[in-house]
Amino acid sequence: MKKILLSVLLIASLAYASNVNAQCSVAEPGVTIHSSKDTLGTQCVITFDLNFKLQYNGGNKIVVIQSWLEADYPNFWNCGATHDQTGSHNAPKANDLKLNGTGPLPFFDLAFNNDVTPPVPLTTYGPDNTVPLITGYTITRGSIDANGFQSFMISNIRVLLPSPCGTGVSIRTDLWSSDGAINSQWKPHCINCNNLFAFNYPRVSGDILCGSPNRYHIRIENINTSQTIVISGWKAFLDNAPAGVYGNEDVLADDQSSNSHTLAPGAVFEATLNYSYLKADAAKNLWLVVTTQGLPNTQNALITGGCSPLPVLLNHFTAKRTTSSNVSLTWQTAQEINSKGFEIQRLIGAGGWQAVGFVASQALYGNSSSTLNYSFNDNNNAHAITQYRLKEVDIDANSKFSEIRAVRGDGQAGKIIVYPNPSFDGTAKVVFEEINGTRDVSLSDASGRLIKQWKGVANNNLAIDNLTPGFYSLRVVIRETGEQSIEKIIVNKR
């Protein structure tokens, strides 16, 4: 299991546009943030990928994208609500790119040669070589879909946003293209202008949970400090070739487009779901594409898998305390390929992971397509919570870890255990009663405001983080029985 966490999320809202001199419509934009870092307290350095679809017309030889803070937008093209230019224009020069001729140049100014394969970033702005261009990125151009739109992904863009990280800001963006030569004045061929970008809305992250079948975990956090947002839903796509590039080639694996949730400032939604894939696609990554109500755009996250069929596919893995000095672990495999065996690892309390045993594979020569059952008894009389995981090792010494299971300490009672409680670092771990079932879990603050929620929790443990000092109520509902439990959590300052 691997994880990618987006530090900030950029919402790109490039809307459809009608004809200018040719079709210049842009669709389905999305951004994946890799990193963000404050500098001088007033600026934010952001590295991200931008994907979008551009209507194919055979003439977009040079493509230009330019962005300003909304207050600095010069509206050189005299754009209206339809994102069309008014009047006839040559390509903008330095003074044209400044509000009233005195404002700042666009903080995001990018141009690339789309007349070659693959497209190539340009280092000089043809209409005016005093205007600096962003460099250091790569461009992947995808296929043309049934609606005549060609997908693009611009990777590893690095910009200096003239606003602190973690604050919501509005951006205005122009995208235009030329059918002229690189050494010409780049006469505009089509223009899509006055589009809205908005930084710092939901932060999206996730995991692929390896097993049989694979599942994925999605986490959506509203990091806006003042605005409640509504998540309309999301879709998950298999990351087909070219890997790491979201485009027309990626196949829908799960459609949750009507799974709507309202998130107050600082609130988090989490869920674990199944997705559709062929056996040959088990190791592929997933794109999570999230839609926010009121914005015609998506927020994207690539979550990496590492869920290849080597060494095993687990049907289930359980850990249960049977006596005051024994914990019984059982697991079942559906398939093993080149499997050597299983190293059992445990973590007691706040200690580190340690190996406590090894169980050899039952598969003949390490290969089996039949169900195989395993067990291991751990001599454990600890009074603290113990967590267990399997390190699945193949003959070539490759390995991966299973999901984690947790058991109570000797003498610990109660259906739900929260530790540490009180917490002094804003984190807490939850261990549920050792029964089979699926749980819906929600966390509310002292005023009753929903802070986080998790849907379809099948594991018997849960980690909670990023809690501010205060009192919280954890509500757990077992889906199969409707049984409810509530636990209090206290978070103190250090």
# chains A, B, ... in the order shown; residues from 1 in each chain; ligands from 1
$ residues_around --residues "Ser143 of chain A" --least-positions-apart "3" --cutoff "8 Å" --atoms "only C-alpha atoms" --output "ChimeraX atom specification"
/A:150-151,247-249
$ residues_around --residues "Asp255 of chain A" --least-positions-apart "5" --cutoff "9 Å" --atoms "only C-alpha atoms" --output "list of chain:residue names"
A:Gly233, A:Trp234, A:Lys235, A:Ala236, A:Phe237, A:Tyr275
$ atom_distance --atom1 "atom CA of Thr468 of chain A" --atom2 "atom CA of Thr228 of chain A"
18.4 Å
$ select_by_dssp --residues "segment 262-484 of chain A" --states "strand (DSSP E or B)" --output "ChimeraX atom specification"
/A:262-263,268-274,286-292,298-303,312-323,326-336,339-348,354-360,368,372-379,386-394,399-401,405-407,416-419,423,428-432,439-445,450-457,461-464,470-478,484
$ closest_residue --among "A:Pro213, A:Pro119, A:Gly142, A:Gly58" --to "Cys190 of chain A" --atoms "only C-alpha atoms"
A:Gly58
$ residues_around --residues "segment 259-267 of chain A" --least-positions-apart "3" --cutoff "12 Å" --atoms "only C-alpha atoms" --output "number ranges by chain"
A: 166, 168, 200-203, 219-235, 254-256, 270-271, 273, 290-293, 442-445, 448-455, 465-468
$ closest_atom_pairs --of "segment 256-360 of chain A" --to "segment 387-403 of chain A" --cutoff "6 Å" --atoms "only C-alpha atoms" --output "JSON lines"
{"residue": "A:Pro311", "atom": "CA", "partner": "A:Asp394", "partner_atom": "CA", "distance": 5.0}
{"residue": "A:Asn338", "atom": "CA", "partner": "A:Asp394", "partner_atom": "CA", "distance": 5.4}
{"residue": "A:Ser339", "atom": "CA", "partner": "A:Asp394", "partner_atom": "CA", "distance": 4.2}
{"residue": "A:Lys340", "atom": "CA", "partner": "A:Asp394", "partner_atom": "CA", "distance": 4.7}
{"residue": "A:Gly341", "atom": "CA", "partner": "A:Val393", "partner_atom": "CA", "distance": 5.6}
{"residue": "A:Phe342", "atom": "CA", "partner": "A:Glu392", "partner_atom": "CA", "distance": 4.8}
{"residue": "A:Glu343", "atom": "CA", "partner": "A:Lys391", "partner_atom": "CA", "distance": 5.0}
{"residue": "A:Ile344", "atom": "CA", "partner": "A:Leu390", "partner_atom": "CA", "distance": 5.0}
{"residue": "A:Gln345", "atom": "CA", "partner": "A:Arg389", "partner_atom": "CA", "distance": 5.4}
{"residue": "A:Arg346", "atom": "CA", "partner": "A:Tyr388", "partner_atom": "CA", "distance": 4.4}
{"residue": "A:Leu347", "atom": "CA", "partner": "A:Gln387", "partner_atom": "CA", "distance": 5.0}
$ write_last_selection --atoms "N, CA and C atoms" --output "PDB file, in the first residue's frame"
ATOM      1  N   PRO A 311       3.604 -11.146  -3.791  1.00  0.00           N
ATOM      2  CA  PRO A 311       3.662 -12.600  -3.826  1.00  0.00           C
ATOM      3  C   PRO A 311       2.312 -13.284  -3.652  1.00  0.00           C
ATOM      4  N   ASN A 338       5.261 -17.347  -6.765  1.00  0.00           N
ATOM      5  CA  ASN A 338       6.644 -17.184  -6.289  1.00  0.00           C
ATOM      6  C   ASN A 338       6.701 -16.836  -4.801  1.00  0.00           C
ATOM      7  N   SER A 339       5.742 -17.312  -4.040  1.00  0.00           N
ATOM      8  CA  SER A 339       5.647 -16.942  -2.631  1.00  0.00           C
ATOM      9  C   SER A 339       6.618 -17.754  -1.776  1.00  0.00           C
ATOM     10  N   LYS A 340       7.349 -17.049  -0.919  1.00  0.00           N
ATOM     11  CA  LYS A 340       8.245 -17.705   0.033  1.00  0.00           C
ATOM     12  C   LYS A 340       7.569 -17.898   1.382  1.00  0.00           C
ATOM     13  N   GLY A 341       6.805 -16.896   1.824  1.00  0.00           N
ATOM     14  CA  GLY A 341       6.119 -17.030   3.090  1.00  0.00           C
ATOM     15  C   GLY A 341       5.745 -15.689   3.680  1.00  0.00           C
ATOM     16  N   PHE A 342       5.468 -15.704   4.996  1.00  0.00           N
ATOM     17  CA  PHE A 342       4.904 -14.543   5.671  1.00  0.00           C
ATOM     18  C   PHE A 342       5.672 -14.263   6.958  1.00  0.00           C
ATOM     19  N   GLU A 343       6.234 -13.062   7.053  1.00  0.00           N
ATOM     20  CA  GLU A 343       6.845 -12.621   8.298  1.00  0.00           C
ATOM     21  C   GLU A 343       5.776 -11.904   9.107  1.00  0.00           C
ATOM     22  N   ILE A 344       5.586 -12.338  10.364  1.00  0.00           N
ATOM     23  CA  ILE A 344       4.594 -11.717  11.228  1.00  0.00           C
ATOM     24  C   ILE A 344       5.270 -10.605  12.019  1.00  0.00           C
ATOM     25  N   GLN A 345       4.703  -9.403  11.941  1.00  0.00           N
ATOM     26  CA  GLN A 345       5.266  -8.257  12.650  1.00  0.00           C
ATOM     27  C   GLN A 345       4.220  -7.682  13.598  1.00  0.00           C
ATOM     28  N   ARG A 346       4.693  -7.164  14.735  1.00  0.00           N
ATOM     29  CA  ARG A 346       3.779  -6.560  15.697  1.00  0.00           C
ATOM     30  C   ARG A 346       4.353  -5.250  16.230  1.00  0.00           C
ATOM     31  N   LEU A 347       3.449  -4.402  16.718  1.00  0.00           N
ATOM     32  CA  LEU A 347       3.811  -3.133  17.337  1.00  0.00           C
ATOM     33  C   LEU A 347       2.975  -3.003  18.598  1.00  0.00           C
TER      34      LEU A 347
END
$ atom_distance --atom1 "atom CA of Met153 of chain A" --atom2 "atom CA of Arg172 of chain A"
19.9 Å
$ residues_around --residues "Val245 of chain A" --least-positions-apart "4" --cutoff "8 Å" --atoms "only C-alpha atoms" --output "PyMOL selection string"
chain A and resi 140+153+239+241
$ write_last_selection --atoms "N, CA and C atoms" --output "mmCIF file, in the first residue's frame"
data_model
loop_
_atom_site.group_PDB
_atom_site.id
_atom_site.type_symbol
_atom_site.label_atom_id
_atom_site.label_comp_id
_atom_site.auth_asym_id
_atom_site.auth_seq_id
_atom_site.Cartn_x
_atom_site.Cartn_y
_atom_site.Cartn_z
ATOM 1 N N THR A 140 2.614 15.964 -22.111
ATOM 2 C CA THR A 140 2.168 14.733 -22.762
ATOM 3 C C THR A 140 0.851 15.019 -23.464
ATOM 4 N N MET A 153 -1.463 16.815 -20.657
ATOM 5 C CA MET A 153 -1.038 16.878 -19.266
ATOM 6 C C MET A 153 0.323 17.554 -19.221
ATOM 7 N N ASP A 239 -5.223 4.008 -14.157
ATOM 8 C CA ASP A 239 -4.177 4.797 -14.798
ATOM 9 C C ASP A 239 -3.513 3.964 -15.887
ATOM 10 N N ALA A 241 -1.644 3.421 -19.761
ATOM 11 C CA ALA A 241 -0.529 4.082 -20.442
ATOM 12 C C ALA A 241 -1.036 5.289 -21.230
#
$ atom_distance --atom1 "atom CA of Val120 of chain A" --atom2 "atom CA of Asp145 of chain A"
22.2 Å
$ closest_residue --among "A:Asn240, A:Ser370, A:Thr130, A:Asn192" --to "Asn95 of chain A" --atoms "only C-alpha atoms"
A:Thr130
$ residues_around --residues "Gln484 of chain A" --least-positions-apart "6" --cutoff "12 Å" --atoms "only C-alpha atoms" --output "PyMOL selection string"
chain A and resi 415-416+432+439-442+474-478
$ residues_around --residues "segment 104-108 of chain A" --least-positions-apart "3" --cutoff "7 Å" --atoms "only C-alpha atoms" --output "PDB file with N, CA and C atoms, in the first residue's frame"
ATOM      1  N   GLN A  66      -1.888  31.918 -19.482  1.00  0.00           N
ATOM      2  CA  GLN A  66      -1.435  33.052 -18.674  1.00  0.00           C
ATOM      3  C   GLN A  66      -2.427  33.295 -17.536  1.00  0.00           C
ATOM      4  N   SER A  67      -1.903  33.459 -16.286  1.00  0.00           N
ATOM      5  CA  SER A  67      -2.770  33.609 -15.114  1.00  0.00           C
ATOM      6  C   SER A  67      -2.331  34.769 -14.230  1.00  0.00           C
ATOM      7  N   TRP A  68      -3.330  35.455 -13.625  1.00  0.00           N
ATOM      8  CA  TRP A  68      -3.120  36.552 -12.695  1.00  0.00           C
ATOM      9  C   TRP A  68      -4.008  36.345 -11.463  1.00  0.00           C
ATOM     10  N   ASP A  72      -5.641  41.550 -10.326  1.00  0.00           N
ATOM     11  CA  ASP A  72      -4.630  42.043 -11.266  1.00  0.00           C
ATOM     12  C   ASP A  72      -4.975  41.736 -12.720  1.00  0.00           C
ATOM     13  N   LEU A  97      -0.206  42.861 -20.839  1.00  0.00           N
ATOM     14  CA  LEU A  97      -0.385  41.837 -19.817  1.00  0.00           C
ATOM     15  C   LEU A  97      -0.424  42.417 -18.414  1.00  0.00           C
ATOM     16  N   LYS A  98      -0.384  43.759 -18.305  1.00  0.00           N
ATOM     17  CA  LYS A  98      -0.437  44.441 -17.010  1.00  0.00           C
ATOM     18  C   LYS A  98      -1.735  45.233 -16.915  1.00  0.00           C
ATOM     19  N   VAL A 159       5.416  27.321  -9.857  1.00  0.00           N
ATOM     20  CA  VAL A 159       5.075  28.738  -9.921  1.00  0.00           C
ATOM     21  C   VAL A 159       5.217  29.366  -8.540  1.00  0.00           C
ATOM     22  N   LEU A 160       5.392  30.675  -8.527  1.00  0.00           N
ATOM     23  CA  LEU A 160       5.414  31.454  -7.298  1.00  0.00           C
ATOM     24  C   LEU A 160       4.094  32.214  -7.224  1.00  0.00           C
ATOM     25  N   LEU A 161       3.178  31.708  -6.402  1.00  0.00           N
ATOM     26  CA  LEU A 161       1.868  32.342  -6.249  1.00  0.00           C
ATOM     27  C   LEU A 161       1.996  33.544  -5.317  1.00  0.00           C
TER      28      LEU A 161
END
